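Engineer: Supplied structure: work-v1.tsv, TSV, C-alpha atoms and all ligand atoms.
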chain	number	residue	atom	x	y	z
Z	63	MET	CA	5.05	-0.77	35.42
Z	64	ARG	CA	5.26	-0.12	31.70
Z	65	THR	CA	6.50	3.38	30.94
Z	66	GLY	CA	3.74	5.83	30.10
Z	67	ILE	CA	0.92	3.33	30.64
Z	68	PRO	CA	-1.48	3.42	33.61
Z	69	SER	CA	-1.33	0.44	35.93
Z	70	ARG	CA	-3.23	-2.49	34.43
Z	71	THR	CA	-3.38	-4.21	37.80
Z	72	ALA	CA	-5.09	-1.13	39.25
Z	73	TRP	CA	-7.84	-1.75	36.71
Z	74	SER	CA	-8.05	-5.46	37.64
Z	75	ALA	CA	-8.25	-4.72	41.38
Z	76	ALA	CA	-11.04	-2.22	40.74
Z	77	GLU	CA	-12.81	-4.76	38.54
Z	78	HIS	CA	-12.67	-7.30	41.37
Z	79	ARG	CA	-14.21	-4.81	43.81
Z	80	ALA	CA	-16.94	-3.96	41.32
Z	81	ALA	CA	-17.66	-7.62	40.54
Z	82	HIS	CA	-17.88	-8.29	44.29
Z	83	GLN	CA	-20.69	-5.70	44.52
Z	84	VAL	CA	-22.58	-7.37	41.68
Z	85	LEU	CA	-21.94	-11.07	42.34
Z	86	GLU	CA	-21.77	-11.15	46.14
Z	87	GLY	CA	-23.85	-8.04	46.84
Z	88	GLY	CA	-20.82	-6.39	48.49
Z	89	ARG	CA	-21.23	-8.78	51.46
Z	90	ILE	CA	-17.63	-8.50	52.57
Z	91	PHE	CA	-16.99	-4.97	51.39
Z	92	SER	CA	-19.63	-2.54	50.20
Z	93	ASP	CA	-18.58	0.19	47.77
Z	94	PRO	CA	-21.32	2.20	46.05
Z	95	LEU	CA	-18.80	3.76	43.63
Z	96	ALA	CA	-16.97	0.58	42.62
Z	97	VAL	CA	-19.00	-0.06	39.48
Z	98	ARG	CA	-19.42	3.58	38.56
Z	99	ILE	CA	-15.71	4.44	38.51
Z	100	LEU	CA	-15.07	1.70	35.95
Z	101	GLY	CA	-17.63	3.09	33.53
Z	102	GLN	CA	-18.95	-0.41	32.79
Z	103	ASP	CA	-22.40	-1.78	33.32
Z	104	ALA	CA	-23.03	-4.27	36.08
Z	105	GLU	CA	-24.27	-6.97	33.72
Z	106	THR	CA	-21.06	-6.98	31.67
Z	107	LEU	CA	-19.02	-7.16	34.87
Z	108	ALA	CA	-21.06	-10.05	36.21
Z	109	ARG	CA	-20.93	-11.97	32.94
Z	110	ASP	CA	-17.20	-11.47	32.65
Z	111	ALA	CA	-16.51	-12.55	36.23
Z	112	GLU	CA	-18.77	-15.60	35.93
Z	113	GLN	CA	-16.91	-16.70	32.83
Z	114	HIS	CA	-13.72	-16.71	34.95
Z	115	PRO	CA	-14.48	-18.64	38.16
Z	116	GLU	CA	-10.73	-18.78	38.89
Z	117	ARG	CA	-10.94	-15.05	39.70
Z	118	ARG	CA	-13.12	-15.65	42.74
Z	119	PHE	CA	-10.29	-16.15	45.21
Z	120	MET	CA	-8.59	-12.87	44.28
Z	121	ARG	CA	-11.94	-11.03	44.28
Z	122	ILE	CA	-12.70	-12.18	47.82
Z	123	PHE	CA	-9.15	-11.46	49.03
Z	124	ILE	CA	-9.31	-7.92	47.63
Z	125	ALA	CA	-12.73	-7.32	49.21
Z	126	ALA	CA	-11.40	-8.59	52.56
Z	127	ARG	CA	-8.21	-6.51	52.52
Z	128	THR	CA	-10.18	-3.35	51.73
Z	129	ARG	CA	-12.70	-4.04	54.49
Z	130	PHE	CA	-9.89	-4.73	56.99
Z	131	ALA	CA	-8.15	-1.47	56.07
Z	132	GLU	CA	-11.29	0.65	56.22
Z	133	GLU	CA	-12.38	-0.84	59.57
Z	134	ALA	CA	-8.94	-0.21	61.06
Z	135	LEU	CA	-9.01	3.33	59.68
Z	136	ALA	CA	-12.48	4.01	61.12
Z	137	ALA	CA	-11.29	2.86	64.56
Z	138	GLU	CA	-8.31	5.25	64.41
Z	139	VAL	CA	-10.46	8.16	63.20
Z	140	GLU	CA	-12.67	7.56	66.23
Z	141	ARG	CA	-9.47	7.83	68.32
Z	142	GLY	CA	-8.47	11.10	66.66
Z	143	VAL	CA	-6.62	10.44	63.38
Z	144	ARG	CA	-7.32	13.26	60.93
Z	145	GLN	CA	-4.91	12.45	58.08
Z	146	LEU	CA	-5.04	9.53	55.63
Z	147	VAL	CA	-2.57	8.65	52.88
Z	148	VAL	CA	-3.70	6.12	50.28
Z	149	LEU	CA	-0.46	4.76	48.86
Z	150	GLY	CA	-0.67	3.36	45.32
Z	151	ALA	CA	-4.33	4.33	45.25
Z	152	GLY	CA	-5.24	2.98	41.82
Z	153	LEU	CA	-9.01	3.31	41.41
Z	154	ASP	CA	-9.67	3.12	45.15
Z	155	THR	CA	-12.84	5.13	45.90
Z	156	TYR	CA	-12.51	5.70	49.65
Z	157	ALA	CA	-11.85	9.44	49.35
Z	158	TYR	CA	-15.10	9.94	47.40
Z	159	ARG	CA	-17.42	8.06	49.75
Z	160	SER	CA	-15.72	8.38	53.13
Z	161	PRO	CA	-18.09	8.93	56.04
Z	162	PHE	CA	-15.36	11.14	57.54
Z	163	ARG	CA	-15.05	13.60	54.66
Z	164	GLY	CA	-15.76	16.51	57.00
Z	165	CYS	CA	-12.87	15.74	59.33
Z	166	LEU	CA	-10.34	13.53	57.52
Z	167	ARG	CA	-7.79	14.98	55.12
Z	168	VAL	CA	-6.89	12.48	52.37
Z	169	PHE	CA	-3.77	12.30	50.19
Z	170	GLU	CA	-3.87	9.92	47.25
Z	171	VAL	CA	-0.37	8.89	46.21
Z	172	ASP	CA	0.17	7.01	43.00
Z	173	HIS	CA	2.42	6.72	40.00
Z	174	PRO	CA	1.91	9.96	37.99
Z	175	VAL	CA	0.63	8.15	34.89
Z	176	THR	CA	-1.88	6.03	36.82
Z	177	GLN	CA	-3.03	9.04	38.79
Z	178	ALA	CA	-3.65	11.12	35.67
Z	179	TRP	CA	-5.71	8.23	34.25
Z	180	LYS	CA	-7.72	7.95	37.48
Z	181	ARG	CA	-8.56	11.64	37.30
Z	182	GLU	CA	-9.95	11.06	33.81
Z	183	ARG	CA	-12.00	8.10	35.05
Z	184	LEU	CA	-13.40	10.23	37.91
Z	185	ARG	CA	-14.30	13.00	35.48
Z	186	ASP	CA	-15.96	10.58	33.03
Z	187	ALA	CA	-17.92	8.96	35.86
Z	188	ALA	CA	-18.95	12.41	37.19
Z	189	ILE	CA	-17.63	11.56	40.65
Z	190	PRO	CA	-16.96	14.88	42.41
Z	191	LEU	CA	-13.60	15.53	44.05
Z	192	PRO	CA	-14.06	16.31	47.75
Z	193	GLU	CA	-12.29	19.35	49.14
Z	194	SER	CA	-10.59	17.10	51.68
Z	195	LEU	CA	-8.64	15.31	48.90
Z	196	THR	CA	-5.16	16.14	47.57
Z	197	PHE	CA	-3.43	14.18	44.78
Z	198	ALA	CA	0.28	13.50	45.23
Z	199	PRO	CA	1.95	11.93	42.18
Z	200	VAL	CA	4.99	9.84	43.22
Z	201	ASP	CA	6.97	7.06	41.54
Z	202	PHE	CA	8.12	5.01	44.55
Z	203	GLU	CA	11.12	3.68	42.64
Z	204	ARG	CA	12.43	7.12	41.65
Z	205	GLN	CA	11.24	9.62	44.24
Z	206	THR	CA	10.94	9.56	47.97
Z	207	LEU	CA	7.51	9.53	49.51
Z	208	ALA	CA	8.72	12.30	51.82
Z	209	GLU	CA	9.32	14.63	48.86
Z	210	GLY	CA	6.03	13.79	47.18
Z	211	LEU	CA	4.00	14.27	50.35
Z	212	ALA	CA	5.80	17.46	51.37
Z	213	ALA	CA	5.01	18.96	47.96
Z	214	ALA	CA	1.34	18.08	48.49
Z	215	GLY	CA	1.12	19.80	51.89
Z	216	PHE	CA	1.17	16.69	54.11
Z	217	ASP	CA	1.71	17.46	57.81
Z	218	PRO	CA	4.28	15.01	59.27
Z	219	ALA	CA	3.54	16.21	62.80
Z	220	GLN	CA	0.01	14.81	62.63
Z	221	GLN	CA	-0.80	11.20	63.41
Z	222	THR	CA	-1.49	9.58	60.03
Z	223	PHE	CA	-3.13	6.44	58.71
Z	224	PHE	CA	-1.60	4.86	55.58
Z	225	THR	CA	-3.32	2.27	53.43
Z	226	TRP	CA	-1.05	0.45	51.00
Z	227	LEU	CA	-3.13	-2.21	49.32
Z	228	GLY	CA	-1.99	-4.36	46.43
Z	229	VAL	CA	1.27	-2.46	46.01
Z	230	VAL	CA	4.06	-4.06	48.07
Z	231	PRO	CA	4.51	-7.16	45.81
Z	232	TYR	CA	5.19	-4.89	42.81
Z	233	LEU	CA	7.95	-2.84	44.45
Z	234	THR	CA	11.55	-3.72	45.06
Z	235	GLU	CA	12.35	-4.62	48.64
Z	236	ALA	CA	14.47	-1.47	48.87
Z	237	ALA	CA	11.49	0.70	47.91
Z	238	VAL	CA	9.25	-1.11	50.42
Z	239	TRP	CA	11.70	-0.61	53.31
Z	240	SER	CA	12.39	2.97	52.37
Z	241	THR	CA	8.66	3.70	52.63
Z	242	LEU	CA	8.24	1.79	55.91
Z	243	THR	CA	11.30	3.54	57.39
Z	244	PHE	CA	9.78	6.90	56.48
Z	245	LEU	CA	6.47	5.95	58.10
Z	246	ALA	CA	8.16	4.68	61.27
Z	247	GLY	CA	10.08	7.94	61.61
Z	248	LEU	CA	7.14	10.31	61.26
Z	249	PRO	CA	7.04	12.59	64.30
Z	250	GLY	CA	3.25	12.44	64.57
Z	251	GLY	CA	3.11	8.63	64.45
Z	252	ALA	CA	1.73	6.34	61.77
Z	253	HIS	CA	-0.65	3.45	61.30
Z	254	VAL	CA	-0.26	1.31	58.21
Z	255	VAL	CA	-2.22	-1.49	56.57
Z	256	PHE	CA	-0.69	-3.41	53.69
Z	257	ASP	CA	-0.92	-6.83	52.12
Z	258	TYR	CA	1.86	-9.12	51.03
Z	259	SER	CA	2.49	-12.73	50.03
Z	260	ASP	CA	4.46	-15.61	51.46
Z	261	PRO	CA	7.48	-16.57	49.32
Z	262	PRO	CA	6.39	-18.93	46.51
Z	263	ASP	CA	8.78	-21.69	47.63
Z	264	THR	CA	6.91	-21.95	50.95
Z	265	LEU	CA	3.52	-22.62	49.33
Z	266	ALA	CA	1.74	-25.96	49.10
Z	267	PRO	CA	1.67	-27.39	45.54
Z	268	GLU	CA	-1.85	-26.22	44.63
Z	269	ALA	CA	-1.29	-22.75	46.06
Z	270	ARG	CA	2.07	-22.63	44.29
Z	271	ALA	CA	0.46	-23.51	40.96
Z	272	TYR	CA	-2.19	-20.80	41.50
Z	273	HIS	CA	0.51	-18.29	42.42
Z	274	ASP	CA	2.59	-19.15	39.35
Z	275	ARG	CA	-0.38	-18.63	37.01
Z	276	ARG	CA	-1.20	-15.25	38.58
Z	277	ALA	CA	2.46	-14.21	38.64
Z	278	ALA	CA	2.79	-15.00	34.93
Z	279	LEU	CA	-0.34	-12.97	34.22
Z	280	VAL	CA	0.78	-9.84	36.05
Z	281	GLU	CA	4.24	-10.14	34.53
Z	282	SER	CA	2.66	-10.24	31.07
Z	283	LEU	CA	0.93	-6.96	31.98
Z	284	GLY	CA	4.34	-5.43	32.71
Z	285	GLU	CA	3.82	-5.42	36.49
Z	286	ALA	CA	5.71	-8.39	37.89
Z	287	TRP	CA	5.59	-9.43	41.55
Z	288	VAL	CA	9.09	-9.02	42.89
Z	289	THR	CA	8.81	-8.86	46.68
Z	290	TYR	CA	7.59	-11.50	49.15
Z	291	PHE	CA	8.07	-11.81	52.89
Z	292	HIS	CA	8.48	-14.55	55.46
Z	293	PRO	CA	5.94	-13.43	58.10
Z	294	ASP	CA	8.25	-13.93	61.11
Z	295	ALA	CA	11.16	-12.09	59.52
Z	296	LEU	CA	8.86	-9.26	58.43
Z	297	ARG	CA	7.50	-8.85	61.95
Z	298	VAL	CA	11.01	-8.75	63.45
Z	299	ARG	CA	12.07	-6.07	61.02
Z	300	LEU	CA	8.94	-3.99	61.53
Z	301	VAL	CA	9.44	-4.09	65.30
Z	302	ALA	CA	13.10	-3.13	64.86
Z	303	LEU	CA	11.95	-0.09	62.87
Z	304	GLY	CA	9.71	0.97	65.75
Z	305	PHE	CA	6.35	-0.53	64.78
Z	306	THR	CA	4.30	-2.01	67.59
Z	307	GLU	CA	0.90	-3.69	67.67
Z	308	VAL	CA	1.69	-5.68	64.53
Z	309	GLU	CA	-1.42	-7.63	63.54
Z	310	ASP	CA	-0.77	-10.03	60.67
Z	311	LEU	CA	-3.65	-12.11	59.30
Z	312	GLY	CA	-2.81	-15.08	57.10
Z	313	LEU	CA	-5.40	-16.75	54.88
Z	314	PRO	CA	-6.97	-18.91	57.64
Z	315	GLN	CA	-7.49	-15.86	59.88
Z	316	ILE	CA	-8.82	-13.74	57.00
Z	317	ALA	CA	-11.27	-16.48	56.07
Z	318	ALA	CA	-12.39	-17.02	59.68
Z	319	ARG	CA	-13.06	-13.30	60.07
Z	320	TYR	CA	-14.69	-12.44	56.76
Z	321	PHE	CA	-16.04	-15.53	55.01
Z	322	PRO	CA	-16.15	-18.46	57.45
Z	323	ASN	CA	-18.78	-20.33	55.42
Z	324	ARG	CA	-16.75	-20.30	52.24
Z	325	ALA	CA	-13.31	-21.05	53.58
Z	326	ALA	CA	-13.20	-24.75	52.75
Z	327	GLY	CA	-10.24	-25.73	50.61
Z	328	LEU	CA	-8.29	-22.50	51.17
Z	329	PRO	CA	-4.54	-23.00	51.43
Z	330	GLU	CA	-2.76	-22.23	54.72
Z	331	LYS	CA	-0.33	-19.88	53.03
Z	332	GLY	CA	-0.50	-17.29	50.29
Z	333	GLY	CA	-1.71	-13.79	51.11
Z	334	HIS	CA	-1.49	-11.74	54.29
Z	335	ILE	CA	-3.05	-8.50	55.49
Z	336	LEU	CA	-1.00	-6.64	58.06
Z	337	ARG	CA	-1.67	-3.67	60.32
Z	338	ALA	CA	1.03	-1.94	62.37
Z	339	THR	CA	1.46	1.23	64.36
Z	340	ALA	CA	4.49	3.39	65.05
Z	341	HIS	CA	3.69	5.75	67.87
Z	342	ALA	CA	4.65	9.40	67.87
Z	343	ALA	CA	8.20	10.08	68.98
Z	344	ARG	CA	8.35	11.18	72.64
Z	345	LEU	CA	10.29	14.40	72.85
Q	401	LIG	C1	-2.66	-3.64	42.05
Q	401	LIG	S1	-2.74	-1.91	41.94
Q	401	LIG	C2	-3.56	-1.57	43.48
Q	401	LIG	C3	-4.32	-0.31	43.46
Q	401	LIG	C4	-5.18	-0.02	44.67
Q	401	LIG	N1	-4.41	0.14	45.88
Q	401	LIG	C5	-6.25	-1.07	44.83
Q	401	LIG	O1	-6.20	-1.82	45.83
Q	401	LIG	O2	-7.10	-1.14	43.96
Q	401	LIG	C6	-1.07	-1.40	42.17
Q	401	LIG	C7	-0.90	0.11	42.35
Q	401	LIG	O3	0.47	0.35	42.66
Q	401	LIG	C8	0.90	1.48	41.95
Q	401	LIG	N2	2.33	1.38	41.73
Q	401	LIG	C9	3.04	0.34	41.25
Q	401	LIG	N3	4.34	0.67	41.13
Q	401	LIG	C10	4.44	1.97	41.56
Q	401	LIG	C11	5.50	2.88	41.68
Q	401	LIG	N4	6.74	2.55	41.34
Q	401	LIG	N5	5.24	4.13	42.16
Q	401	LIG	C12	3.98	4.47	42.50
Q	401	LIG	N6	2.93	3.65	42.42
Q	401	LIG	C13	3.15	2.41	41.95
Q	401	LIG	C14	0.14	1.40	40.62
Q	401	LIG	O4	0.09	2.66	39.96
Q	401	LIG	C15	-1.22	0.91	41.09
Q	401	LIG	O5	-2.08	1.98	41.40
Give the structure from the file, written as structure tokens.
Structural biologist:
Amino acid sequence: MRTGIPSRTAWSAAEHRAAHQVLEGGRIFSDPLAVRILGQDAETLARDAEQHPERRFMRIFIAARTRFAEEALAAEVERGVRQLVVLGAGLDTYAYRSPFRGCLRVFEVDHPVTQAWKRERLRDAAIPLPESLTFAPVDFERQTLAEGLAAAGFDPAQQTFFTWLGVVPYLTEAAVWSTLTFLAGLPGGAHVVFDYSDPPDTLAPEARAYHDRRAALVESLGEAWVTYFHPDALRVRLVALGFTEVEDLGLPQIAARYFPNRAAGLPEKGGHILRATAHAARL
């Protein structure tokens, strides 16, 4: 990320969620605050998105990953999870519209500059901060998540759900594994949902060309994609860390689950959404 500048890709991801509400009626993922947090009117968003049909794939992927994460979270809250950490939150609005606000404590972790900007956006949009929310500013490349969360009052002895959407590709592999190692070692246990991409050299030509255009765009914004994973190798390493119940959806599975009627022509490889659990250590 560029020094001193809020994440530009956080803005784009939020724009995709908002455009999904306007153009697709939030069919995959409904978010009543998505447009409001941007401070733009729905017509401008719709016009802008329609002028860029190439954005559709990313818009649908982002809607699907958010829905997957929130459904998995809801299932774990039903089973007793009371602590959520939104890693690299950007303009994510879950904390402000969660149906579990009365019983779920939420920590939003993000780069300090992006987080300060989000707080301005929330203020400008008159979106109230729930009492259940705590902000934890952390630069994943310079500070440990453990330090940032401890300073915010996080309880490591409680089973915790982590969402980590749209962040992994931007971090070094060392930063990714340091975070996953921390999660796997939490005494209360952890659930995590994150998304990642197949390595570019494994993509079919059309998917590779699409990837290269997107990669050039995010690099020009100062937020290059630097980390990719081979799904099998990732699973092996997650299991070695202590994660079980690894559920990894590639594009065909994501399409089948969330937009079966519009899946034609999707490449086999590209993005993944993954959920994994590390159970509490038995003493
Ligand atoms: C593409 S945005 C995704 C935001 C949000 N999760 C979403 O889905 O809309 C990437 C997020 O990663 C955060 N990020 C990138 N590098 C970071 C770092 N080194 N430390 C902390 N956060 C970082 C950015 O601030 C930004 O919020």
Engineer: Calculated over only C-alpha atoms and all ligand atoms, which of the candidates Z:Gly251, Z:Pro115, Z:Gly284, Z:Gly215 has the smallest distance to ligand LIG 401 (chain Q)?
Structural biologist: Z:Gly284
Engineer: Could you check the closest approach to Gly333 (chain Z) for each of Z:Arg297, Z:Val238, Z:Asp186, Z:Phe123 and tell me which residue wins, using all atoms listed in the file?
Structural biologist: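 Result for the nearest residue to Gly333 (chain Z): Z:Phe123.
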Engineer: I need every residue sitting at most 9 Å from the point (-5.5, 3.9, 53.9) (coordinates as in the file, all atoms listed in the file considered), written as a CSV table (one decimal) with C-alpha atoms, in the frame of the given file.
Structural biologist:
chain,number,residue,atom,x,y,z
Z,128,THR,CA,-10.2,-3.4,51.7
Z,131,ALA,CA,-8.2,-1.5,56.1
Z,132,GLU,CA,-11.3,0.6,56.2
Z,134,ALA,CA,-8.9,-0.2,61.1
Z,135,LEU,CA,-9.0,3.3,59.7
Z,146,LEU,CA,-5.0,9.5,55.6
Z,147,VAL,CA,-2.6,8.6,52.9
Z,148,VAL,CA,-3.7,6.1,50.3
Z,149,LEU,CA,-0.5,4.8,48.9
Z,151,ALA,CA,-4.3,4.3,45.2
Z,156,TYR,CA,-12.5,5.7,49.6
Z,168,VAL,CA,-6.9,12.5,52.4
Z,223,PHE,CA,-3.1,6.4,58.7
Z,224,PHE,CA,-1.6,4.9,55.6
Z,225,THR,CA,-3.3,2.3,53.4
Z,226,TRP,CA,-1.0,0.4,51.0
Z,227,LEU,CA,-3.1,-2.2,49.3
Z,253,HIS,CA,-0.6,3.4,61.3
Z,254,VAL,CA,-0.3,1.3,58.2
Z,255,VAL,CA,-2.2,-1.5,56.6
Z,256,PHE,CA,-0.7,-3.4,53.7
Engineer: Give as a ChimeraX atom specification the residues surrounding ligand LIG 401 (chain Q) up to a distance of 9 Å, considering all atoms listed in the file.
Structural biologist: /Z:63,68-79,124,127-128,148-155,171-177,199-205,225-234,237,285
Engineer: Nearest to Ala213 (chain Z) among Z:Phe169, Z:Trp239, Z:Lys331, Z:Arg183, with distances taken over all atoms listed in the file: which residue is it?
Structural biologist: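 With all atoms listed in the file as the atom set, the closest residue is Z:Phe169.
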Engineer: CA of Thr65 (chain Z) to CA of Arg118 (chain Z): how many Å, to one decimal?
Structural biologist: 29.8 Å
Engineer: May I ask for the distance between CA of Thr306 (chain Z) and CA of Glu140 (chain Z), given in Å to one decimal place?
Structural biologist: 19.5 Å
Engineer: Between Z:Leu265, Z:Ile90, Z:Ile316, Z:Leu248, which is the closest to Pro329 (chain Z) once you count only C-alpha atoms?
Structural biologist: Z:Leu265
Engineer: Using all atoms listed in the file, can you tell me which of Z:Pro293, Z:Gly142, Z:Gly88, Z:Pro161 comes closest to Thr264 (chain Z)?
Structural biologist: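 Checking each candidate against Thr264 (chain Z), we get Z:Pro293 as the closest.
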Engineer: Mind pulling up the distance from CA of Ala219 (chain Z) to CA of Leu166 (chain Z)?
Structural biologist: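 Spanning CA of Leu166 (chain Z) to CA of Ala219 (chain Z) is a straight-line distance of 15.1 Å.
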Engineer: The residues within 8 Å of (-20.8, -0.4, 43.9), using only C-alpha atoms and the coordinates of the file, should be reported as a PDB file with C-alpha atoms, in the frame of the given file; which are they?
Structural biologist:
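The resulting result_38.pdb:
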ATOM      1  CA  ARG Z  79     -14.210  -4.810  43.810  1.00  0.00           C
ATOM      2  CA  ALA Z  80     -16.940  -3.960  41.320  1.00  0.00           C
ATOM      3  CA  GLN Z  83     -20.690  -5.700  44.520  1.00  0.00           C
ATOM      4  CA  VAL Z  84     -22.580  -7.370  41.680  1.00  0.00           C
ATOM      5  CA  GLY Z  88     -20.820  -6.390  48.490  1.00  0.00           C
ATOM      6  CA  SER Z  92     -19.630  -2.540  50.200  1.00  0.00           C
ATOM      7  CA  ASP Z  93     -18.580   0.190  47.770  1.00  0.00           C
ATOM      8  CA  PRO Z  94     -21.320   2.200  46.050  1.00  0.00           C
ATOM      9  CA  LEU Z  95     -18.800   3.760  43.630  1.00  0.00           C
ATOM     10  CA  ALA Z  96     -16.970   0.580  42.620  1.00  0.00           C
ATOM     11  CA  VAL Z  97     -19.000  -0.060  39.480  1.00  0.00           C
ATOM     12  CA  ARG Z  98     -19.420   3.580  38.560  1.00  0.00           C
TER      13      ARG Z  98
END
Engineer: Env of Ser259 (chain Z): 7 Å cut, atoms = all atoms listed in the file, seq-sep filter 4 positions within chain, self excluded. Answer as a PyMOL selection string.
Structural biologist: chain Z and resi 290-291+332-334
Engineer: Between Z:Phe91, Z:Phe305, Z:Tyr272, Z:Phe197, single out the one closest to Ala126 (chain Z), counting all atoms listed in the file.
Structural biologist: Z:Phe91
Engineer: Step by step, gather every atom of region 165-176 of chain Z that the file lists, find the box along x, y and z that holds them, add 5 Å on each side, and finally give centre and edge lengths in Å to one decimal, as AutoDock Vina command-line options.
Structural biologist:
--center_x -5.2 --center_y 10.9 --center_z 47.1 --size_x 25.3 --size_y 19.7 --size_z 34.4
Engineer: What would the file be for region 199-217 of chain Z if you keep N, CA and C atoms and write it as a tab-separated table (two decimals), in the first residue's frame?
Structural biologist:
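Dumped to out30.tsv:
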chain	number	residue	atom	x	y	z
Z	199	PRO	N	-6.07	-0.96	14.89
Z	199	PRO	CA	-5.19	-0.63	13.77
Z	199	PRO	C	-3.92	-1.49	13.78
Z	200	VAL	N	-3.64	-2.18	12.67
Z	200	VAL	CA	-2.45	-3.04	12.58
Z	200	VAL	C	-1.93	-3.02	11.15
Z	201	ASP	N	-0.64	-2.82	10.97
Z	201	ASP	CA	-0.01	-3.03	9.66
Z	201	ASP	C	0.58	-4.44	9.68
Z	202	PHE	N	-0.04	-5.35	8.92
Z	202	PHE	CA	0.37	-6.77	8.96
Z	202	PHE	C	1.84	-6.98	8.60
Z	203	GLU	N	2.42	-6.06	7.86
Z	203	GLU	CA	3.81	-6.24	7.44
Z	203	GLU	C	4.80	-5.74	8.50
Z	204	ARG	N	4.31	-4.98	9.47
Z	204	ARG	CA	5.22	-4.38	10.45
Z	204	ARG	C	4.94	-4.76	11.89
Z	205	GLN	N	3.68	-5.18	12.15
Z	205	GLN	CA	3.31	-5.50	13.53
Z	205	GLN	C	2.70	-6.88	13.54
Z	206	THR	N	2.74	-7.52	14.71
Z	206	THR	CA	2.05	-8.80	14.74
Z	206	THR	C	0.58	-8.55	15.07
Z	207	LEU	N	-0.24	-9.46	14.54
Z	207	LEU	CA	-1.66	-9.40	14.82
Z	207	LEU	C	-1.89	-9.60	16.32
Z	208	ALA	N	-1.06	-10.46	16.92
Z	208	ALA	CA	-1.19	-10.73	18.36
Z	208	ALA	C	-1.09	-9.43	19.15
Z	209	GLU	N	-0.10	-8.62	18.81
Z	209	GLU	CA	0.08	-7.34	19.55
Z	209	GLU	C	-1.12	-6.43	19.35
Z	210	GLY	N	-1.53	-6.30	18.08
Z	210	GLY	CA	-2.62	-5.38	17.77
Z	210	GLY	C	-3.91	-5.80	18.45
Z	211	LEU	N	-4.18	-7.11	18.45
Z	211	LEU	CA	-5.43	-7.58	19.06
Z	211	LEU	C	-5.36	-7.48	20.59
Z	212	ALA	N	-4.19	-7.79	21.14
Z	212	ALA	CA	-4.06	-7.72	22.61
Z	212	ALA	C	-4.33	-6.29	23.07
Z	213	ALA	N	-3.79	-5.33	22.32
Z	213	ALA	CA	-3.98	-3.92	22.71
Z	213	ALA	C	-5.46	-3.52	22.62
Z	214	ALA	N	-6.22	-4.23	21.79
Z	214	ALA	CA	-7.64	-3.88	21.61
Z	214	ALA	C	-8.55	-4.62	22.58
Z	215	GLY	N	-7.98	-5.53	23.38
Z	215	GLY	CA	-8.80	-6.24	24.37
Z	215	GLY	C	-9.37	-7.56	23.89
Z	216	PHE	N	-8.80	-8.10	22.81
Z	216	PHE	CA	-9.23	-9.40	22.27
Z	216	PHE	C	-8.96	-10.49	23.30
Z	217	ASP	N	-9.88	-11.46	23.39
Z	217	ASP	CA	-9.70	-12.56	24.35
Z	217	ASP	C	-9.29	-13.84	23.60
